[in-house]
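One structure is given here, and the rest of the page talks about it.
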Amino acid sequence: MRKAKKNALFILTMLLSLTMLLSACSGNGNKTNNANGNKPDTGNNAAPTESAANQKAVVLKGYLLGEAPKGMPEVLAALNEKLKKDINATIDLNYIGWGDVQSKYPLLLATGEDIDFIFSADWNYYGEQASKGAFYELKPEDIAKYMPKKSAAIDPSAWEEAKVDGKIFMIPKTTPDNYTFVTVLRKDIMAEAGLTEVKNFSEIGPYLEAVKKNHPDMIGLNLDSQVDLPTPYQYLMRDKIGFQGNLSGGPLAQGVTYDFDDPTGKIYSMVEEPYLSAQKYAAGIMKDWYDNGYVNKNPYSNKIRSKDNFVEGKSGVAFGNSIDIAATIEAAEAKGIETYIVPSLMPNGKAPMGGVIGGGISIAANSKNPERVMQAFDLIMEDPSYVYLTYFGIEGKNYVITPDDKIGLPEGVTAENNTYPPDAAGFWFVNKALFKPMSTWPQVYVDHWKKLKDYNTSDYAYKGFTFNSDKVKTQIANLANASTQYANPIYIGAVKNVDKAFDELAKNLNSAGLDKVKAEVQAQADAFLAKKK
């Protein structure tokens with residue numbers, strides 16, 4: 001046990017040097033170090049640009065993604081007490097459920113509803129919404145004035161990464177997240193399937209068969225309607241080609257992409273070679289699994305993530321990433337479930353390191369209080385007392401600082417019954433370089449973190465590229481609609497004939513304007529690469 005703790009501390013110290021969860025990436029120039037060794041200060045130690053007494057009281061209405069943890073009311077009350085004292089503002093916090101992101105997120109911004117801020121990310125419509133004028137432009141002089149902590153902590157190149165058409169529309173995370181997408185399996189079911197090692201996601205067929213045969217109350221792939229629905233399909237594609245997603249639209253849509261393992265950055269539509277063959281490979285396996293009853297029959301109506309059903313014994317597989325899966329593994333092991341982590345890597349054994357625009361906050365274009373939003377998130381993202389409150393919850397109730405200066409759980413609190421588990425509240429953009437080591441990580445998770453330094457790479461052509469869809473926004477919307485109707489069934493394997501399903505998909509994507517979207521992506525990609533030279 002002592003050895004495991006030493007290993008964990010070594011790993012986390014190493015990660016801090018890389019500036020990821022406990023740091024992020026090398027050479028980012030992060031200067032955020034508080035004098036008490038990153039120990040959260042529970043007092044209000046902010047230094048706002050203007051005293052709270054001189055500012056009019058405001059309520060900032062905002063949206064994060066996911067679902068509010070049970071302990072959110074208490075945490076939000078504590079957060080608002082601090083904000084009230086520091087900048088005379090409070091937050092009215094709302095959530096967009098994962099199953100509603102695709103429909104509700106753009107609608108909220110399009111209708112002109114009274115919104116001050118919203119979670120944004122390159123994988124969640126940032127470029128598209130910025131180009132539509134949905135977000136407030138953050139000017140350098142305002143960033144310097146209203147966000148002094150952020151300005152001191154962040155590498156200036158991060159603001160360049162956040163630009164769309166030369167303008168900044170996001171307060172990005174200070175340090176990029178170092179992670180891979182992962183699949184978590186149960187070791188007891190692996191034993192039933194005769195598996196001792198799984199290197200690629202495509203190898204889990206015998207595991208799913210064992211789930212079906214021996215666990216009647218469990219579904220092998222119990223997918224939800226938004227995050228998990230395309231995930232196994234995408235993992236299967238990644239086994240064959242350097243696929244990370246759609247450059248030109250949302251996570252469920254078909255569109256334009258490129259091979260992350262190709263330094264030339266050649267652009268492809270997802271229904272031309274070599275991507276068409278990779279898609280058919282994935283679709284064939286998903287169809288086999290669906291036909292065999294390994295996939296829930298109607299993911300469209302399911303809003304419970306596989307990782308949550310995994311802990312409850314209702315899913316044989318949990319999907320997530322190196323960060324958000326920690327609580328799942330802890331909760332599973334607290335129930336005596338030994339776990340096994342399978343990273344989703346490209347054929348070269350690597351996984352692209354995310355950029356700083358993988359999560360942040362954008363201010364709505366119609367916000368009446370953009371300066372106060374900047375002040376609020378300067379504190380939430382960079383002040384240690386705010387960071388620990390929003391990410392870990394109430395000290396003494398949701399977390400404690402252990403005698404060996406790590407983050408632990410209070411007596412009687414477990415990963416399963418914690419009302420405010422880390423990473424579950426949607427504040428994914430706080431400066432994780434401020435975190436202390438975690439004392440609660442199981443050894444299997446520590447071992448996974450040790451390998452991240454070998455997996456992650458920032459050497460890919462379009463790192464920092466954000467597509468501006470303004471010239472093809474009608475075609476992008478058409479592609480999303482065609483994908484919902486013709487691609488979603490392919491993702492889960494619910495098609496009668498794979499080749500015919502792709503013929504139908506390609507026909508409708510072409511009618512929706514895929515060639516025009518590809519041409520626009522190509523033009524912007526060429527300009528991006530030319531600027532990098």
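Letters for chains follow the order of the structure tokens (A, B, ...), residue numbers begin at 1 for each chain, and ligand numbers begin at 1 in the order shown.
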Run DSSP on the backbone of this structure and report the residues of stretch 197-303 of chain A it assigns to helix (DSSP H, G or I), as a PyMOL selection string. chain A and resi 201-214+231-240+275-291+299-301
Write the selection just made, keeping N, CA and C atoms, as a compact mmCIF listing (two decimals), in the first residue's frame?
```
# COMPACT_ATOMS: atom_id res chain seq x y z
N PHE A 201 -10.36 -2.17 -28.80
CA PHE A 201 -11.78 -2.27 -28.50
C PHE A 201 -12.45 -3.36 -29.32
N SER A 202 -11.96 -3.61 -30.53
CA SER A 202 -12.57 -4.61 -31.40
C SER A 202 -12.46 -6.02 -30.84
N GLU A 203 -11.64 -6.20 -29.79
CA GLU A 203 -11.41 -7.53 -29.23
C GLU A 203 -12.42 -7.91 -28.15
N ILE A 204 -13.42 -7.06 -27.86
CA ILE A 204 -14.28 -7.32 -26.71
C ILE A 204 -15.50 -8.18 -27.05
N GLY A 205 -15.58 -8.71 -28.27
CA GLY A 205 -16.72 -9.56 -28.63
C GLY A 205 -16.97 -10.70 -27.65
N PRO A 206 -15.95 -11.49 -27.28
CA PRO A 206 -16.15 -12.56 -26.30
C PRO A 206 -16.63 -12.05 -24.94
N TYR A 207 -16.17 -10.87 -24.58
CA TYR A 207 -16.60 -10.25 -23.32
C TYR A 207 -18.11 -9.95 -23.36
N LEU A 208 -18.55 -9.35 -24.47
CA LEU A 208 -19.97 -9.03 -24.62
C LEU A 208 -20.82 -10.30 -24.65
N GLU A 209 -20.29 -11.35 -25.25
CA GLU A 209 -20.99 -12.64 -25.27
C GLU A 209 -21.14 -13.19 -23.85
N ALA A 210 -20.10 -13.03 -23.02
CA ALA A 210 -20.17 -13.50 -21.63
C ALA A 210 -21.19 -12.70 -20.83
N VAL A 211 -21.28 -11.41 -21.11
CA VAL A 211 -22.30 -10.58 -20.45
C VAL A 211 -23.68 -11.11 -20.79
N LYS A 212 -23.91 -11.33 -22.08
CA LYS A 212 -25.23 -11.81 -22.54
C LYS A 212 -25.57 -13.18 -21.94
N LYS A 213 -24.58 -14.05 -21.85
CA LYS A 213 -24.81 -15.42 -21.40
C LYS A 213 -24.98 -15.52 -19.88
N ASN A 214 -24.19 -14.77 -19.13
CA ASN A 214 -24.11 -14.98 -17.69
C ASN A 214 -24.75 -13.89 -16.83
N THR A 231 -20.01 6.33 -29.59
CA THR A 231 -18.68 6.07 -29.03
C THR A 231 -18.08 4.72 -29.43
N PRO A 232 -18.77 3.59 -29.24
CA PRO A 232 -18.14 2.32 -29.65
C PRO A 232 -17.83 2.28 -31.13
N TYR A 233 -18.69 2.87 -31.94
CA TYR A 233 -18.46 2.96 -33.38
C TYR A 233 -17.18 3.74 -33.68
N GLN A 234 -17.01 4.88 -33.00
CA GLN A 234 -15.82 5.70 -33.22
C GLN A 234 -14.56 5.00 -32.71
N TYR A 235 -14.68 4.26 -31.61
CA TYR A 235 -13.52 3.51 -31.12
C TYR A 235 -13.09 2.45 -32.13
N LEU A 236 -14.07 1.80 -32.75
CA LEU A 236 -13.75 0.79 -33.75
C LEU A 236 -13.08 1.43 -34.97
N MET A 237 -13.54 2.59 -35.37
CA MET A 237 -12.89 3.31 -36.46
C MET A 237 -11.46 3.65 -36.10
N ARG A 238 -11.25 4.08 -34.85
CA ARG A 238 -9.91 4.48 -34.43
C ARG A 238 -8.95 3.31 -34.39
N ASP A 239 -9.47 2.10 -34.25
CA ASP A 239 -8.60 0.92 -34.35
C ASP A 239 -7.96 0.81 -35.73
N LYS A 240 -8.63 1.39 -36.75
CA LYS A 240 -8.18 1.23 -38.13
C LYS A 240 -7.51 2.47 -38.72
N TYR A 275 -11.81 6.60 -45.33
CA TYR A 275 -12.74 6.64 -44.19
C TYR A 275 -13.98 5.79 -44.42
N LEU A 276 -14.40 5.66 -45.67
CA LEU A 276 -15.57 4.83 -45.93
C LEU A 276 -15.30 3.39 -45.52
N SER A 277 -14.12 2.87 -45.85
CA SER A 277 -13.78 1.50 -45.46
C SER A 277 -13.70 1.35 -43.95
N ALA A 278 -13.13 2.37 -43.28
CA ALA A 278 -13.05 2.32 -41.81
C ALA A 278 -14.44 2.36 -41.20
N GLN A 279 -15.34 3.15 -41.80
CA GLN A 279 -16.71 3.21 -41.29
C GLN A 279 -17.43 1.87 -41.50
N LYS A 280 -17.24 1.28 -42.66
CA LYS A 280 -17.91 0.00 -42.93
C LYS A 280 -17.37 -1.10 -42.01
N TYR A 281 -16.09 -1.05 -41.72
CA TYR A 281 -15.51 -1.99 -40.77
C TYR A 281 -16.19 -1.86 -39.40
N ALA A 282 -16.30 -0.62 -38.92
CA ALA A 282 -16.94 -0.39 -37.63
C ALA A 282 -18.41 -0.76 -37.68
N ALA A 283 -19.08 -0.41 -38.76
CA ALA A 283 -20.50 -0.68 -38.88
C ALA A 283 -20.79 -2.17 -38.90
N GLY A 284 -19.92 -2.94 -39.56
CA GLY A 284 -20.11 -4.39 -39.62
C GLY A 284 -20.03 -5.03 -38.24
N ILE A 285 -19.08 -4.59 -37.43
CA ILE A 285 -18.95 -5.14 -36.08
C ILE A 285 -20.13 -4.70 -35.22
N MET A 286 -20.53 -3.43 -35.33
CA MET A 286 -21.67 -2.95 -34.53
C MET A 286 -22.95 -3.69 -34.91
N LYS A 287 -23.13 -3.97 -36.19
CA LYS A 287 -24.32 -4.71 -36.62
C LYS A 287 -24.32 -6.11 -36.01
N ASP A 288 -23.17 -6.77 -36.01
CA ASP A 288 -23.06 -8.10 -35.41
C ASP A 288 -23.39 -8.05 -33.93
N TRP A 289 -22.87 -7.05 -33.23
CA TRP A 289 -23.12 -6.92 -31.79
C TRP A 289 -24.59 -6.58 -31.51
N TYR A 290 -25.14 -5.72 -32.34
CA TYR A 290 -26.56 -5.35 -32.16
C TYR A 290 -27.45 -6.55 -32.40
N ASP A 291 -27.19 -7.28 -33.49
CA ASP A 291 -28.00 -8.45 -33.82
C ASP A 291 -27.91 -9.53 -32.75
N PRO A 299 -31.15 3.27 -27.78
CA PRO A 299 -30.34 4.26 -27.07
C PRO A 299 -30.91 5.67 -27.14
N TYR A 300 -31.75 5.93 -28.16
CA TYR A 300 -32.27 7.28 -28.37
C TYR A 300 -33.08 7.78 -27.18
N SER A 301 -33.68 6.89 -26.43
CA SER A 301 -34.52 7.30 -25.30
C SER A 301 -33.81 7.17 -23.96
```
From atom CA of A:Tyr399 to atom CA of A:Asn431 the spacing works out at 17.7 Å
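Each of A:Asn369, A:Asn298, A:Thr328, A:Gln244 was checked against A:Ile91 using only C-alpha atoms; the smallest atom-to-atom distance is that of A:Asn369.
The protein and nucleic acid residues lying at most 8 Å from A:Leu221 are Leu208, Tyr294, Val295, Asn296, Ser306, Ser315, Gly316 and Val317 of chain A, with only C-alpha atoms considered and sequence neighbours fewer than 5 positions away removed.
With only C-alpha atoms taken into account, the protein and nucleic acid residues at most 9 Å from A:Ile96 (excluding it and anything under 3 positions from it in its own chain) are Tyr63, Leu64, Leu65, Gly66, Glu67, Gly99, Asp100, Val101, Lys104 and Tyr105 of chain A.
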With N, CA and C atoms retained, could you export that selection as a PDB file, in the first residue's frame?
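Output below, filename again.pdb:
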```pdb
ATOM      1  N   TYR A  63     -25.271  28.317 -18.344  1.00  0.00           N
ATOM      2  CA  TYR A  63     -25.543  26.907 -18.607  1.00  0.00           C
ATOM      3  C   TYR A  63     -24.239  26.117 -18.693  1.00  0.00           C
ATOM      4  N   LEU A  64     -24.243  24.973 -18.018  1.00  0.00           N
ATOM      5  CA  LEU A  64     -23.185  23.981 -18.173  1.00  0.00           C
ATOM      6  C   LEU A  64     -23.804  22.723 -18.767  1.00  0.00           C
ATOM      7  N   LEU A  65     -22.974  21.754 -19.126  1.00  0.00           N
ATOM      8  CA  LEU A  65     -23.467  20.506 -19.711  1.00  0.00           C
ATOM      9  C   LEU A  65     -23.507  19.400 -18.671  1.00  0.00           C
ATOM     10  N   GLY A  66     -24.415  18.477 -18.855  1.00  0.00           N
ATOM     11  CA  GLY A  66     -24.515  17.320 -17.978  1.00  0.00           C
ATOM     12  C   GLY A  66     -25.686  17.403 -17.036  1.00  0.00           C
ATOM     13  N   GLU A  67     -25.449  17.034 -15.798  1.00  0.00           N
ATOM     14  CA  GLU A  67     -26.515  17.004 -14.806  1.00  0.00           C
ATOM     15  C   GLU A  67     -25.965  17.476 -13.466  1.00  0.00           C
ATOM     16  N   GLY A  99     -28.445  14.304 -23.374  1.00  0.00           N
ATOM     17  CA  GLY A  99     -29.370  13.910 -24.427  1.00  0.00           C
ATOM     18  C   GLY A  99     -30.004  15.078 -25.143  1.00  0.00           C
ATOM     19  N   ASP A 100     -29.855  16.292 -24.593  1.00  0.00           N
ATOM     20  CA  ASP A 100     -30.493  17.474 -25.166  1.00  0.00           C
ATOM     21  C   ASP A 100     -29.507  18.441 -25.810  1.00  0.00           C
ATOM     22  N   VAL A 101     -28.220  18.126 -25.738  1.00  0.00           N
ATOM     23  CA  VAL A 101     -27.212  19.087 -26.202  1.00  0.00           C
ATOM     24  C   VAL A 101     -27.412  19.447 -27.668  1.00  0.00           C
ATOM     25  N   LYS A 104     -30.918  21.481 -27.868  1.00  0.00           N
ATOM     26  CA  LYS A 104     -31.154  22.628 -26.989  1.00  0.00           C
ATOM     27  C   LYS A 104     -30.039  23.660 -27.037  1.00  0.00           C
ATOM     28  N   TYR A 105     -28.800  23.216 -27.157  1.00  0.00           N
ATOM     29  CA  TYR A 105     -27.663  24.151 -27.099  1.00  0.00           C
ATOM     30  C   TYR A 105     -27.762  25.241 -28.175  1.00  0.00           C
TER      31      TYR A 105
END
```
List every residue of stretch 368-472 of chain A that has an atom at most 10 Å from any atom of stretch 106-120 of chain A, and for each one report the closest atom pair and its distance in Å to one decimal, counting only C-alpha atoms, with rows sorted by chain and then by increasing residue number, as a tab-separated table.
```
residue	atom	partner	partner_atom	distance
A:Lys368	CA	A:Asp116	CA	7.2
A:Asn369	CA	A:Asp116	CA	6.9
A:Pro370	CA	A:Asp116	CA	7.1
A:Arg372	CA	A:Asp116	CA	9.5
A:Val373	CA	A:Asp116	CA	7.2
A:Met374	CA	A:Phe117	CA	9.6
A:Phe377	CA	A:Phe117	CA	9.9
A:Gly426	CA	A:Phe119	CA	8.3
A:Phe427	CA	A:Phe119	CA	8.8
A:Trp428	CA	A:Phe119	CA	9.4
A:Phe429	CA	A:Phe119	CA	9.0
```
Writing out the chosen residues with N, CA and C atoms as a JSON list (two decimals), in the first residue's frame:
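Output saved as out_34.json:
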```
[["chain", "number", "residue", "atom", "x", "y", "z"],
["A", 368, "LYS", "N", -26.01, 41.22, -20.65],
["A", 368, "LYS", "CA", -25.99, 42.60, -20.17],
["A", 368, "LYS", "C", -24.83, 42.83, -19.20],
["A", 369, "ASN", "N", -24.13, 41.75, -18.85],
["A", 369, "ASN", "CA", -23.07, 41.88, -17.85],
["A", 369, "ASN", "C", -21.79, 41.14, -18.25],
["A", 370, "PRO", "N", -21.27, 41.38, -19.44],
["A", 370, "PRO", "CA", -20.09, 40.62, -19.89],
["A", 370, "PRO", "C", -18.87, 40.85, -19.00],
["A", 372, "ARG", "N", -18.82, 41.45, -15.80],
["A", 372, "ARG", "CA", -18.98, 40.73, -14.53],
["A", 372, "ARG", "C", -18.80, 39.22, -14.74],
["A", 373, "VAL", "N", -19.20, 38.73, -15.89],
["A", 373, "VAL", "CA", -18.94, 37.32, -16.20],
["A", 373, "VAL", "C", -17.44, 37.07, -16.23],
["A", 374, "MET", "N", -16.70, 37.96, -16.85],
["A", 374, "MET", "CA", -15.25, 37.81, -16.89],
["A", 374, "MET", "C", -14.67, 37.82, -15.48],
["A", 377, "PHE", "N", -15.52, 34.41, -13.70],
["A", 377, "PHE", "CA", -14.78, 33.24, -14.14],
["A", 377, "PHE", "C", -13.27, 33.41, -14.00],
["A", 426, "GLY", "N", -19.51, 19.81, -14.21],
["A", 426, "GLY", "CA", -19.43, 20.62, -15.43],
["A", 426, "GLY", "C", -18.43, 21.75, -15.39],
["A", 427, "PHE", "N", -17.73, 21.93, -14.25],
["A", 427, "PHE", "CA", -16.69, 22.96, -14.17],
["A", 427, "PHE", "C", -15.35, 22.37, -14.63],
["A", 428, "TRP", "N", -15.34, 21.81, -15.84],
["A", 428, "TRP", "CA", -14.18, 21.08, -16.34],
["A", 428, "TRP", "C", -13.04, 22.00, -16.76],
["A", 429, "PHE", "N", -13.31, 23.30, -16.79],
["A", 429, "PHE", "CA", -12.37, 24.26, -17.33],
["A", 429, "PHE", "C", -11.52, 24.94, -16.25]]
```
